[in-house]
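Asker: What follows is model01.txt, made up of compact mmCIF, C-alpha atoms:
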# COMPACT_ATOMS: atom_id res chain seq x y z
CA MET M 1 0.00 0.00 0.00
CA PHE M 2 1.57 3.34 -1.07
CA TRP M 3 0.40 6.95 -0.66
CA ILE M 4 2.10 9.12 -3.23
CA ARG M 5 1.46 12.75 -4.23
CA PRO M 6 0.49 13.05 -7.94
CA ARG M 7 3.41 15.43 -8.65
CA ARG M 8 5.91 12.91 -7.32
CA SER M 9 4.32 9.87 -8.95
CA PHE M 10 5.69 10.74 -12.39
CA ARG M 11 9.27 10.97 -11.06
CA ILE M 12 8.89 7.68 -9.18
CA LEU M 13 7.49 5.97 -12.28
CA LEU M 14 10.46 7.25 -14.26
CA ALA M 15 12.84 5.90 -11.61
CA LEU M 16 11.04 2.51 -11.62
CA ALA M 17 11.24 2.36 -15.42
CA ALA M 18 14.96 3.05 -15.23
CA LEU M 19 15.35 0.28 -12.65
CA LEU M 20 13.34 -2.18 -14.75
CA THR M 21 15.45 -1.56 -17.84
CA GLY M 22 18.46 -2.29 -15.63
CA CYS M 23 17.07 -5.81 -14.95
CA ALA M 24 18.54 -7.18 -18.19
CA THR M 25 21.46 -9.50 -17.40
CA HIS M 26 24.56 -9.59 -19.55
CA VAL M 27 27.32 -12.00 -18.67
CA GLU M 28 30.78 -12.17 -20.21
CA VAL M 29 31.53 -15.72 -19.09
CA ALA M 30 34.99 -15.71 -17.53
CA GLY M 31 36.90 -18.42 -15.71
CA ASP M 32 40.03 -20.53 -15.70
CA PHE M 33 40.22 -24.15 -16.77
CA PRO M 34 42.85 -26.42 -15.24
CA THR M 35 44.99 -28.68 -17.40
CA PRO M 36 43.30 -32.11 -17.37
CA VAL M 37 44.93 -35.23 -15.97
CA THR M 38 44.76 -37.62 -18.93
CA ARG M 39 46.86 -39.87 -21.13
CA ARG M 40 47.97 -38.20 -24.36
CA LEU M 41 46.92 -40.03 -27.52
CA PRO M 42 49.81 -40.50 -29.96
CA VAL M 43 48.16 -38.45 -32.73
CA SER M 44 48.53 -34.86 -33.84
CA ALA M 45 45.42 -32.69 -34.11
CA THR M 46 44.21 -29.31 -35.37
CA LEU M 47 41.54 -27.56 -33.36
CA VAL M 48 39.43 -25.32 -35.59
CA LEU M 49 37.89 -22.45 -33.62
CA GLU M 50 35.66 -20.75 -36.16
CA PRO M 51 34.85 -17.02 -35.68
CA ALA M 52 31.18 -17.88 -34.92
CA PHE M 53 32.32 -20.27 -32.18
CA ARG M 54 34.69 -17.76 -30.61
CA ALA M 55 32.04 -15.02 -30.66
CA TYR M 56 29.10 -17.17 -29.54
CA LEU M 57 26.44 -15.18 -27.68
CA LEU M 58 23.19 -16.58 -26.28
CA GLU M 59 20.36 -14.08 -26.11
CA VAL M 60 17.13 -14.89 -24.28
CA SER M 61 14.26 -12.41 -23.94
CA GLU M 62 11.74 -14.38 -21.83
CA PRO M 63 10.97 -14.33 -18.91
CA ASN M 64 13.80 -11.81 -18.35
CA PRO M 65 16.36 -10.62 -20.90
CA VAL M 66 19.63 -12.52 -20.46
CA SER M 67 22.67 -12.62 -22.71
CA LEU M 68 25.57 -15.00 -22.17
CA ALA M 69 28.82 -14.39 -24.07
CA LEU M 70 30.33 -17.87 -24.04
CA GLY M 71 32.71 -17.59 -27.00
CA ASP M 72 36.05 -16.72 -25.36
CA SER M 73 35.62 -19.15 -22.47
CA GLN M 74 34.56 -22.11 -24.60
CA ALA M 75 37.46 -21.46 -26.97
CA ALA M 76 39.84 -21.44 -23.96
CA LEU M 77 38.34 -24.69 -22.65
CA PHE M 78 38.67 -26.54 -25.96
CA ARG M 79 42.27 -25.29 -26.34
CA THR M 80 43.21 -26.49 -22.83
CA VAL M 81 41.47 -29.86 -23.02
CA ALA M 82 42.51 -30.74 -26.59
CA GLY M 83 46.05 -29.59 -25.72
CA ALA M 84 46.19 -32.29 -23.03
CA MET M 85 44.55 -35.02 -25.14
CA PHE M 86 46.86 -35.13 -28.17
CA ARG M 87 50.59 -35.49 -28.77
CA GLU M 88 50.60 -32.21 -30.69
CA LEU M 89 47.93 -29.54 -31.14
CA GLN M 90 47.61 -26.75 -33.68
CA VAL M 91 44.86 -24.14 -33.49
CA SER M 92 43.29 -22.56 -36.56
CA ASP M 93 40.21 -20.47 -37.36
CA GLN M 94 39.34 -22.52 -40.46
CA VAL M 95 39.74 -26.07 -41.67
CA PRO M 96 43.33 -26.23 -43.02
CA ASP M 97 43.79 -27.25 -46.63
CA PRO M 98 45.95 -29.26 -46.90
CA ALA M 99 45.91 -30.59 -43.35
CA THR M 100 49.23 -31.13 -41.63
CA THR M 101 47.91 -33.13 -38.66
CA ASP M 102 46.35 -36.61 -38.32
CA LEU M 103 43.04 -35.31 -36.99
CA ILE M 104 40.95 -32.13 -37.30
CA LEU M 105 38.38 -31.16 -34.67
CA VAL M 106 35.70 -28.57 -35.53
CA PRO M 107 33.48 -27.81 -32.50
CA ARG M 108 30.19 -25.99 -33.11
CA VAL M 109 27.47 -24.91 -30.67
CA ALA M 110 24.22 -26.76 -31.41
CA GLU M 111 22.11 -25.28 -28.61
CA VAL M 112 22.35 -23.49 -25.26
CA GLN M 113 19.57 -23.35 -22.69
CA ILE M 114 19.36 -21.63 -19.33
CA ALA M 115 16.97 -21.83 -16.37
CA THR M 116 16.49 -19.63 -13.31
CA PRO M 117 15.04 -20.56 -9.88
CA THR M 118 11.85 -18.63 -10.68
CA GLU M 119 11.22 -20.83 -13.74
CA THR M 120 12.01 -24.22 -12.19
CA GLN M 121 11.12 -23.61 -8.50
CA LEU M 122 14.52 -25.16 -7.69
CA GLN M 123 17.09 -23.10 -5.80
CA ILE M 124 19.61 -23.39 -8.63
CA PHE M 125 20.67 -21.59 -11.81
CA GLU M 126 21.23 -24.02 -14.70
CA VAL M 127 23.03 -23.95 -18.06
CA TRP M 128 22.92 -26.65 -20.74
CA ILE M 129 25.27 -26.58 -23.73
CA SER M 130 25.04 -28.95 -26.65
CA TYR M 131 28.02 -29.13 -29.05
CA ARG M 132 28.56 -31.02 -32.27
CA VAL M 133 32.21 -31.72 -32.84
CA GLN M 134 33.06 -32.66 -36.40
CA LEU M 135 36.11 -34.94 -36.60
CA LEU M 136 37.97 -35.12 -39.91
CA ASP M 137 41.03 -37.07 -40.95
CA LYS M 138 44.03 -35.66 -42.80
CA SER M 139 42.34 -36.07 -46.21
CA GLY M 140 39.24 -34.17 -45.06
CA GLU M 141 37.04 -37.28 -44.71
CA VAL M 142 34.52 -37.11 -41.85
CA ILE M 143 35.42 -39.67 -39.14
CA ALA M 144 32.54 -38.78 -36.82
CA GLU M 145 29.99 -36.15 -35.83
CA TRP M 146 30.41 -36.20 -32.10
CA PRO M 147 27.47 -34.87 -30.01
CA LEU M 148 28.78 -33.44 -26.75
CA ALA M 149 26.27 -32.44 -24.06
CA ALA M 150 27.27 -30.46 -20.98
CA TYR M 151 25.43 -29.25 -17.91
CA GLY M 152 26.28 -26.86 -15.11
CA LYS M 153 24.41 -25.56 -12.12
CA THR M 154 25.02 -23.33 -9.13
CA PRO M 155 22.88 -22.75 -6.04
CA SER M 156 21.10 -19.41 -5.79
CA ARG M 157 22.49 -17.28 -2.98
CA MET M 158 21.01 -14.38 -1.11
CA LEU M 159 22.30 -11.03 -2.45
CA GLU M 160 24.13 -12.69 -5.38
CA SER M 161 23.28 -11.27 -8.80
CA ALA M 162 21.81 -13.44 -11.55
CA GLY M 163 24.85 -12.49 -13.65
CA ASP M 164 27.31 -13.98 -11.15
CA ALA M 165 25.16 -17.10 -10.81
CA PHE M 166 24.96 -17.60 -14.61
CA ASN M 167 28.70 -17.08 -14.92
CA GLN M 168 29.32 -19.77 -12.30
CA ALA M 169 26.80 -22.18 -13.87
CA SER M 170 28.33 -21.58 -17.34
CA ILE M 171 31.83 -22.32 -16.03
CA MET M 172 30.51 -25.53 -14.47
CA ALA M 173 28.90 -26.46 -17.81
CA LEU M 174 32.16 -25.80 -19.67
CA ARG M 175 34.14 -27.87 -17.15
CA ASP M 176 31.56 -30.62 -17.67
CA ALA M 177 32.11 -30.38 -21.43
CA GLY M 178 35.83 -30.88 -20.78
CA ALA M 179 35.11 -33.94 -18.64
CA ALA M 180 32.84 -35.34 -21.37
CA MET M 181 35.59 -34.84 -23.97
CA ILE M 182 38.17 -36.66 -21.87
CA THR M 183 35.94 -39.57 -20.88
CA GLY M 184 33.97 -39.93 -24.12
CA PHE M 185 36.41 -39.32 -26.97
CA THR M 186 37.68 -42.89 -27.44
CA GLN M 187 34.13 -44.25 -27.00
CA THR M 188 32.69 -42.20 -29.86
CA PRO M 189 31.53 -44.41 -32.76
CA GLY M 190 33.99 -44.00 -35.62
CA VAL M 191 36.75 -42.55 -33.44
CA SER M 192 37.58 -45.81 -31.62
CA ASP M 193 37.90 -47.65 -34.98
CA TRP M 194 40.00 -44.84 -36.48
CA LEU M 195 42.30 -44.77 -33.43
CA SER M 196 42.69 -48.57 -33.29
CA ARG M 197 43.46 -48.73 -37.05
CA ARG M 198 46.33 -46.31 -36.37
CA GLY M 199 47.45 -48.34 -33.35
CA ALA M 200 46.83 -45.29 -31.15
CA TRP M 201 44.36 -46.99 -28.87
CA SER M 202 43.05 -50.48 -28.17
CA PRO M 203 39.36 -51.18 -27.52
CA ALA M 204 40.48 -53.40 -24.62
CA GLU M 205 42.01 -50.35 -22.94
CA PRO M 206 39.65 -48.67 -20.44
CA ALA M 207 38.65 -45.19 -21.63
CA ALA M 208 38.48 -43.82 -18.10
CA PRO M 209 39.23 -45.21 -14.64
CA MET X 1 38.67 -55.60 16.43
CA ASN X 2 36.39 -52.87 17.79
CA ALA X 3 32.72 -52.94 16.96
CA ALA X 4 31.09 -50.13 15.00
CA GLN X 5 29.61 -47.43 17.22
CA CYS X 6 26.60 -45.15 16.79
CA ARG X 7 25.42 -42.18 18.86
CA ARG X 8 22.92 -39.34 18.67
CA ILE X 9 23.27 -35.77 19.96
CA TRP X 10 20.52 -33.12 20.26
CA THR X 11 21.29 -29.43 20.51
CA ALA X 12 19.19 -26.27 20.55
CA ALA X 13 20.44 -22.72 20.06
CA GLY X 14 18.96 -19.37 21.07
CA SER X 15 16.12 -20.74 23.20
CA HIS X 16 16.87 -20.31 26.95
CA HIS X 17 18.54 -17.22 28.37
CA PRO X 18 18.14 -15.76 31.92
CA LEU X 19 16.87 -12.21 31.53
CA GLY X 20 14.75 -11.90 34.68
CA LYS X 21 17.52 -10.85 37.07
CA TYR X 22 18.26 -7.45 35.37
CA ALA X 23 16.61 -4.50 37.16
CA GLY X 24 18.32 -1.01 37.01
CA PRO X 25 18.49 1.31 33.94
CA ARG X 26 21.99 0.11 33.00
CA GLN X 27 20.93 -3.48 33.42
CA THR X 28 17.80 -2.79 31.38
CA VAL X 29 19.95 -1.57 28.48
CA LEU X 30 22.15 -4.63 28.84
CA GLY X 31 19.06 -6.80 28.98
CA LEU X 32 17.65 -5.21 25.82
CA LEU X 33 20.95 -5.70 24.02
CA LEU X 34 21.01 -9.33 25.10
CA LEU X 35 17.40 -9.76 24.02
CA ALA X 36 18.25 -8.22 20.65
CA SER X 37 21.16 -10.63 20.21
CA ILE X 38 18.96 -13.59 21.12
CA LEU X 39 16.26 -12.43 18.73
CA ALA X 40 18.83 -11.92 16.00
CA ALA X 41 20.05 -15.47 16.49
CA GLY X 42 16.59 -17.07 16.14
CA CYS X 43 16.07 -20.64 17.30
CA THR X 44 17.54 -23.76 15.69
CA ARG X 45 17.21 -27.41 16.71
CA THR X 46 19.94 -29.76 15.59
CA ILE X 47 20.12 -33.56 15.71
CA ILE X 48 23.44 -35.24 14.98
CA ASP X 49 23.84 -38.98 14.36
CA GLU X 50 27.27 -40.48 14.12
CA TYR X 51 28.56 -43.86 13.02
CA ARG X 52 32.14 -45.01 13.55
CA GLU X 53 33.80 -48.00 11.99
CA SER X 54 35.93 -48.35 15.12
CA GLY X 55 36.36 -46.59 18.46
CA ARG X 56 39.90 -45.45 17.59
CA ALA X 57 40.79 -42.02 16.21
CA LEU X 58 41.63 -41.99 12.51
CA PRO X 59 45.41 -41.73 12.12
CA LEU X 60 46.96 -38.96 10.00
CA GLY X 61 50.63 -39.04 8.99
CA ARG X 62 52.92 -36.00 8.98
CA SER X 63 52.55 -35.25 5.24
CA GLU X 64 48.94 -36.41 4.92
CA GLN X 65 46.00 -34.07 4.38
CA VAL X 66 42.21 -33.97 4.43
CA VAL X 67 39.77 -32.55 1.85
CA VAL X 68 36.07 -31.76 2.34
CA LEU X 69 34.05 -32.21 -0.87
CA GLY X 70 30.42 -31.46 -1.70
CA ARG X 71 28.26 -33.86 -3.68
CA ARG X 72 26.95 -32.13 -6.81
CA HIS X 73 25.55 -34.97 -8.93
CA ASP X 74 21.87 -34.61 -7.97
CA GLY X 75 19.76 -32.70 -10.50
CA GLU X 76 17.48 -30.97 -7.99
CA TYR X 77 19.87 -29.51 -5.46
CA GLU X 78 23.52 -28.81 -4.89
CA THR X 79 25.50 -29.10 -1.68
CA GLU X 80 26.38 -25.46 -1.03
CA PRO X 81 30.07 -24.52 -1.52
CA GLU X 82 29.75 -22.11 1.48
CA LEU X 83 28.86 -25.04 3.75
CA ILE X 84 31.88 -27.00 2.53
CA GLN X 85 34.13 -23.97 3.20
CA CYS X 86 32.56 -23.55 6.65
CA ILE X 87 33.21 -27.21 7.59
CA ALA X 88 36.78 -26.99 6.23
CA ARG X 89 37.41 -23.88 8.40
CA ARG X 90 36.14 -25.74 11.48
CA LEU X 91 38.51 -28.65 10.81
CA ASP X 92 41.45 -26.50 9.77
CA ASP X 93 42.56 -25.54 13.28
CA ARG X 94 43.23 -29.21 14.09
CA LEU X 95 43.88 -30.82 10.72
CA PRO X 96 45.68 -29.86 7.49
CA VAL X 97 42.76 -29.25 5.11
CA VAL X 98 43.16 -28.68 1.37
CA PRO X 99 40.55 -26.23 -0.07
CA GLU X 100 37.90 -28.02 -2.13
CA GLN X 101 38.46 -26.07 -5.36
CA THR X 102 42.25 -26.47 -5.17
CA PHE X 103 41.87 -30.25 -4.95
CA ILE X 104 39.21 -30.47 -7.71
CA ASP X 105 41.39 -28.37 -10.04
CA ARG X 106 44.46 -30.55 -9.36
CA VAL X 107 42.65 -33.72 -10.37
CA TYR X 108 40.47 -32.20 -13.12
CA PRO X 109 38.27 -33.70 -14.62
CA TRP X 110 38.00 -36.69 -12.27
CA PHE X 111 36.06 -35.01 -9.42
CA GLU X 112 33.53 -33.09 -11.51
CA PRO X 113 29.82 -33.90 -10.89
CA ARG X 114 29.87 -36.22 -13.95
CA THR X 115 32.99 -38.16 -12.97
CA ALA X 116 33.36 -38.03 -9.16
CA PRO X 117 33.40 -41.49 -7.55
CA LEU X 118 30.15 -42.35 -5.77
CA GLY X 119 31.55 -45.50 -4.15
CA LEU X 120 34.81 -46.98 -2.92
CA ARG X 121 35.03 -49.45 -5.82
CA ARG X 122 35.28 -46.59 -8.31
CA LEU X 123 37.75 -44.77 -6.08
CA GLN X 124 39.91 -47.91 -6.11
CA LYS X 125 39.81 -47.90 -9.95
CA MET X 126 40.94 -44.28 -9.93
CA LEU X 127 43.79 -45.06 -7.55
CA ASP X 128 44.82 -47.96 -9.79
CA ASP X 129 44.92 -45.78 -12.92
CA PRO X 130 48.54 -44.81 -13.65
CA ASP X 131 47.76 -41.13 -14.37
CA VAL X 132 44.86 -40.36 -12.04
CA GLY X 133 46.23 -42.55 -9.23
CA ARG X 134 49.64 -40.86 -9.39
CA ARG X 135 48.06 -37.40 -9.24
CA LEU X 136 45.86 -38.43 -6.29
CA HIS X 137 48.95 -39.67 -4.42
CA GLU X 138 50.77 -36.42 -5.25
CA THR X 139 48.01 -34.37 -3.58
CA GLY X 140 48.85 -36.03 -0.26
CA ILE X 141 45.16 -36.54 0.56
CA ARG X 142 44.62 -39.34 3.09
CA TYR X 143 40.95 -38.65 3.89
CA MET X 144 38.11 -37.40 1.69
CA ILE X 145 35.04 -36.16 3.53
CA TRP X 146 32.04 -36.21 1.19
CA VAL X 147 29.15 -34.00 2.27
CA ASP X 148 25.75 -34.51 0.65
CA GLY X 149 22.58 -32.53 1.32
CA ASN X 150 21.21 -29.01 1.28
CA THR X 151 19.28 -26.37 3.20
CA GLU X 152 15.81 -25.50 1.94
CA THR X 153 12.81 -23.44 2.93
CA THR X 154 10.15 -25.94 3.98
CA ASP X 155 7.36 -23.69 5.22
CA ARG X 156 6.31 -20.09 4.84
CA GLY X 157 3.45 -18.01 6.29
CA GLY X 158 2.13 -14.59 7.32
CA SER X 159 2.23 -11.35 5.40
CA MET X 160 3.65 -7.89 5.72
CA SER X 161 2.84 -4.64 3.96
CA CYS X 162 4.98 -1.54 3.83
CA ALA X 163 3.81 1.98 3.09
CA ILE X 164 5.53 5.30 2.44
CA GLY X 165 4.01 8.75 2.46
CA PRO X 166 4.96 12.43 2.84
CA GLY X 167 5.05 12.10 6.61
CA GLY X 168 7.15 8.93 6.67
CA GLY X 169 6.55 5.24 6.26
CA GLY X 170 6.63 1.88 7.95
CA CYS X 171 5.92 -1.82 7.77
CA PHE X 172 3.12 -3.68 9.52
CA GLY X 173 2.53 -7.40 9.79
CA PHE X 174 4.28 -10.62 10.60
CA THR X 175 5.92 -13.14 8.32
CA THR X 176 7.64 -16.42 9.13
CA TRP X 177 9.50 -19.17 7.30
CA GLU X 178 11.09 -22.43 8.33
CA LYS X 179 14.37 -23.77 6.98
CA THR X 180 15.48 -27.37 7.15
CA ALA X 181 19.06 -28.49 6.67
CA SER X 182 19.86 -32.14 6.15
CA TYR X 183 23.41 -33.29 5.46
CA GLU X 184 25.40 -36.50 5.63
CA ALA X 185 29.19 -36.58 5.73
CA VAL X 186 31.06 -39.77 4.85
CA ILE X 187 34.78 -40.16 5.53
CA TRP X 188 36.79 -42.15 2.99
CA ASP X 189 40.22 -43.38 3.96
CA LEU X 190 42.37 -43.38 0.80
CA GLY X 191 45.18 -45.22 2.56
CA GLU X 192 43.14 -48.35 3.21
CA VAL X 193 40.33 -47.58 0.70
CA ARG X 194 37.58 -48.01 3.28
CA GLU X 195 34.95 -45.94 5.02
CA GLY X 196 36.17 -44.32 8.25
CA GLY X 197 32.77 -43.21 9.56
CA ARG X 198 29.79 -41.03 8.87
CA VAL X 199 27.93 -38.16 10.49
CA LYS X 200 24.36 -37.11 9.74
CA VAL X 201 22.97 -33.79 10.81
CA ASP X 202 19.39 -32.49 10.66
CA ALA X 203 18.80 -28.88 11.66
CA LYS X 204 15.53 -26.98 11.62
CA GLY X 205 14.84 -23.37 12.50
CA SER X 206 12.12 -20.76 12.16
CA SER X 207 12.82 -17.17 11.18
CA TYR X 208 10.47 -14.24 11.66
CA VAL X 209 10.12 -10.66 10.53
CA ILE X 210 7.91 -8.51 12.76
CA GLY X 211 6.76 -5.27 11.19
CA VAL X 212 6.10 -2.58 13.82
CA LEU X 213 7.04 0.58 11.87
CA ALA X 214 10.53 -0.79 11.20
CA PRO X 215 10.79 -4.46 10.14
CA ILE X 216 12.53 -6.47 12.90
CA PRO X 217 14.16 -9.66 11.55
CA ILE X 218 14.74 -12.68 13.79
CA ILE X 219 16.80 -15.02 11.65
CA ALA X 220 17.58 -18.66 12.48
CA ARG X 221 21.03 -19.55 11.11
CA VAL X 222 20.13 -23.10 10.15
CA GLN X 223 22.96 -23.81 7.72
CA ASN X 224 25.46 -22.39 10.18
CA SER X 225 24.15 -24.71 12.92
CA ALA X 226 24.46 -27.68 10.55
CA CYS X 227 28.05 -26.65 9.75
CA GLU X 228 28.87 -26.31 13.44
CA GLY X 229 27.34 -29.71 14.24
CA LEU X 230 29.07 -31.50 11.36
CA GLY X 231 32.41 -29.74 11.86
CA ASN X 232 32.61 -30.38 15.59
CA GLN X 233 31.61 -34.02 15.22
CA LEU X 234 34.00 -34.70 12.32
CA ARG X 235 36.92 -33.24 14.32
CA GLU X 236 36.39 -35.93 16.94
CA PHE X 237 37.07 -38.65 14.38
CA PHE X 238 40.69 -37.64 13.91
CA ALA X 239 43.70 -37.70 16.18
CA ALA X 240 44.61 -34.03 16.78
CA ARG X 241 47.53 -32.87 14.61
CA ARG X 242 47.80 -29.10 15.16
CA SER X 243 48.31 -27.50 18.58
So, in terms of structure tokens, how does the structure I just supplied come out?

Answerer:
Amino acid sequence: MFWIRPRRSFRILLALAALLTGCATHVEVAGDFPTPVTRRLPVSATLVLEPAFRAYLLEVSEPNPVSLALGDSQAALFRTVAGAMFRELQVSDQVPDPATTDLILVPRVAEVQIATPTETQLQIFEVWISYRVQLLDKSGEVIAEWPLAAYGKTPSRMLESAGDAFNQASIMALRDAGAAMITGFTQTPGVSDWLSRRGAWSPAEPAAP
Amino acid sequence: MNAAQCRRIWTAAGSHHPLGKYAGPRQTVLGLLLLASILAAGCTRTIIDEYRESGRALPLGRSEQVVVLGRRHDGEYETEPELIQCIARRLDDRLPVVPEQTFIDRVYPWFEPRTAPLGLRRLQKMLDDPDVGRRLHETGIRYMIWVDGNTETTDRGGSMSCAIGPGGGGCFGFTTWEKTASYEAVIWDLGEVREGGRVKVDAKGSSYVIGVLAPIPIIARVQNSACEGLGNQLREFFAARRS
């Protein structure tokens, strides 16, 4: 219940409008990714980070406007994880022609979804990222189209902004993507055969402890 | 061989304080301050259950360390990182505790929600792996304390309305909510790859906001009580290392 003089109401409405426009959340996702503990595969690889991948921005308008700039962080994650997975790693912004490495990885964002506590009635902020990683051999032949799904969440905290919570949940999702790459790479249909044909990996070898 | 032991402890905070003996003006002020501090603390009831594999304290070598880790694999809740930090701080004055994030980063990606071991059999596989096992040994961790659970609002009631006008403003009404914290901590001994014991804590507390011109909050620190209960009980499992 509010009692407001008519002369002041206009100013207050203006102030409220200014506050409401300030409710839009923009997050430049930022975080560090540790070097993974994993066995290096004896193959050389090129990681192709296309401009669209490095500049990826999710924009959601409902129920509240949110934009998540994931590009730089996901590029850093793929560089760190792929750097630990292969004997040698080159990074390029387009598929090299001719290729100088055994394998070429081209990650692309298929979909990103977010959820807030007000939407789910759970006390967590959530981020889902779905990638499709195209794997090519030296001649440019497609070895596999690898679907990579990642999920991150963070509990909602009193006095913490939605931006901080989405940043934390996005970092968790990216770390999860890294874990999925490490544990799932040799299990991907097409990749295991390609690796075993090259004597780089044996199907009898456990992919992960 | 000692038999496994169980025990239960009940505690209550912020419920009984002697205020009746204060009389003079100075004492009245002191009494009001004390009342304010009691009201600010709210009231929390805590029940702690403990299970020990043996009656002996868990040994910890000179270079060995402890890490407290939160379970994050459930889709509907997440064990709060603040609670894990709070428990680690409570243990840190007696035991060498490695911060959770430092440990998780050192062994990335093997203790992420997707990959973290849920049982001792999987932990054994990790220890047997030449790369992951070597890194785990390098961390110097002898005990992992896994904490699973969360604090949630279980009940809510009342209403409050606030008004402002040219002559001032104020809030009138009464609102209340109840929080419930339920956590279980399990100690894993990496030296012998076995469970060292477990502690379960259930804490419940009601918070109130009374609106008489200014809103007066009376907040029950439920998660803090759970941290205190878990931390104090876990400390008793280990032989003291720090003076």

Asker: Pull out every residue of chain X sitting within 9 Å of chain M, counting all atoms listed in the file, and send them as a VMD selection string.

Answerer: chain X and resid 72 75 to 81 105 to 110 112 to 115 122 to 129 131 to 132 135 152 161 to 166

Asker: Got a sec to check which residues sit within 8 Å of (9.5, -23.0, 9.1), counting only C-alpha atoms, and write them as a list in words?

Answerer: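 Those residues, ordered by chain and then number, are Thr153, Thr154, Asp155, Arg156, Thr176, Trp177, Glu178, Lys179, Thr180, Lys204, Gly205, Ser206 and Ser207 of chain X.
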
Asker: Hey, what's within 12 Å of Thr188 of chain M if we count all atoms listed in the file and toss same-chain stuff fewer than 3 positions away? As a count of residues only, please?

Answerer: 22

Asker: Give me, please, the distance in Å between atom CA of His26 of chain M and atom CA of Glu59 of chain M, quoted to one decimal.

Answerer: 9.0 Å

Asker: Which residues, written as a list in words, have at least one atom at most 12 Å from Arg108 of chain M, with all atoms listed in the file counted and residues fewer than 6 positions away on the same chain left out?

Answerer: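 Residues near the query, excluding close chain neighbours: Leu47, Val48, Leu49, Glu50, Pro51, Ala52, Phe53, Arg54, Ala55, Tyr56, Gly71, Gln74, Ala75, Phe78, Ile129, Ser130, Tyr131, Arg132, Val133, Gln134, Leu135, Glu145, Trp146, Pro147, Leu148 and Ala149 of chain M.
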
Asker: To one decimal place, how far is atom CA of Glu184 of chain X from atom CA of Trp146 of chain X in Å?

Answerer: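 Going from atom CA of Glu184 of chain X over to atom CA of Trp146 of chain X, I get 8.0 Å.
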
Asker: Choose the residue, out of M:Leu57, M:Glu88, M:Ala169, M:Ser161, that has the smallest atom-to-atom separation from Val109 of chain M; count only C-alpha atoms.

Answerer: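 Ranking M:Leu57, M:Glu88, M:Ala169, M:Ser161 by distance to Val109 of chain M, first place goes to M:Leu57.
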
Asker: Kindly list the centre and edge lengths in Å, rounded to one decimal, for the axis-aligned box that covers all listed atoms of segment 165-181 of chain M plus 8 Å on each of its six sides, as lines of an AutoDock Vina configuration file.

Answerer:
center_x = 30.4
center_y = -26.2
center_z = -17.4
size_x = 26.9
size_y = 34.3
size_z = 29.2

Asker: Choose the residue, out of M:Ser202, M:Ser170, M:Ser196, M:Ser44, that has the smallest atom-to-atom separation from Met85 of chain M; count only C-alpha atoms.

Answerer: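 Among the listed residues, the smallest separation from Met85 of chain M belongs to M:Ser44.
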
Asker: What lies within 7 Å of Gly191 of chain X using all atoms listed in the file, ignoring chain neighbours under 2 positions off, as JSON, numbers by chain?

Answerer: {"X": [142, 189, 193]}

Asker: If you count all atoms listed in the file, which residues fall within 12 Å of Leu91 of chain X, apart from same-chain ones fewer than 2 positions away, as number ranges by chain?

Answerer: X: 65-68, 84-89, 93-99, 145, 227-242

Asker: What is the distance between atom CA of Met158 of chain M and atom CA of Ala214 of chain X, in Å to one decimal?

Answerer: 21.1 Å

Asker: Under the rule that all atoms listed in the file are counted, which of M:Val142, M:Ile104, M:Val91, M:Ile114 is the nearest residue to Ala165 of chain M?

Answerer: M:Ile114

Asker: Which of these residues is nearest to Phe111 of chain X, using only C-alpha atoms: X:Leu136, X:Arg198, X:Ile219, X:Pro130?

Answerer: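 The closest residue to Phe111 of chain X is X:Leu136.
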
Asker: Which residue is closest to Val95 of chain M? Choose from M:Ala24, M:Gly31, M:Leu136, M:Thr186 and count all atoms listed in the file.

Answerer: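 Ranked by minimum distance to Val95 of chain M, first place goes to M:Leu136.
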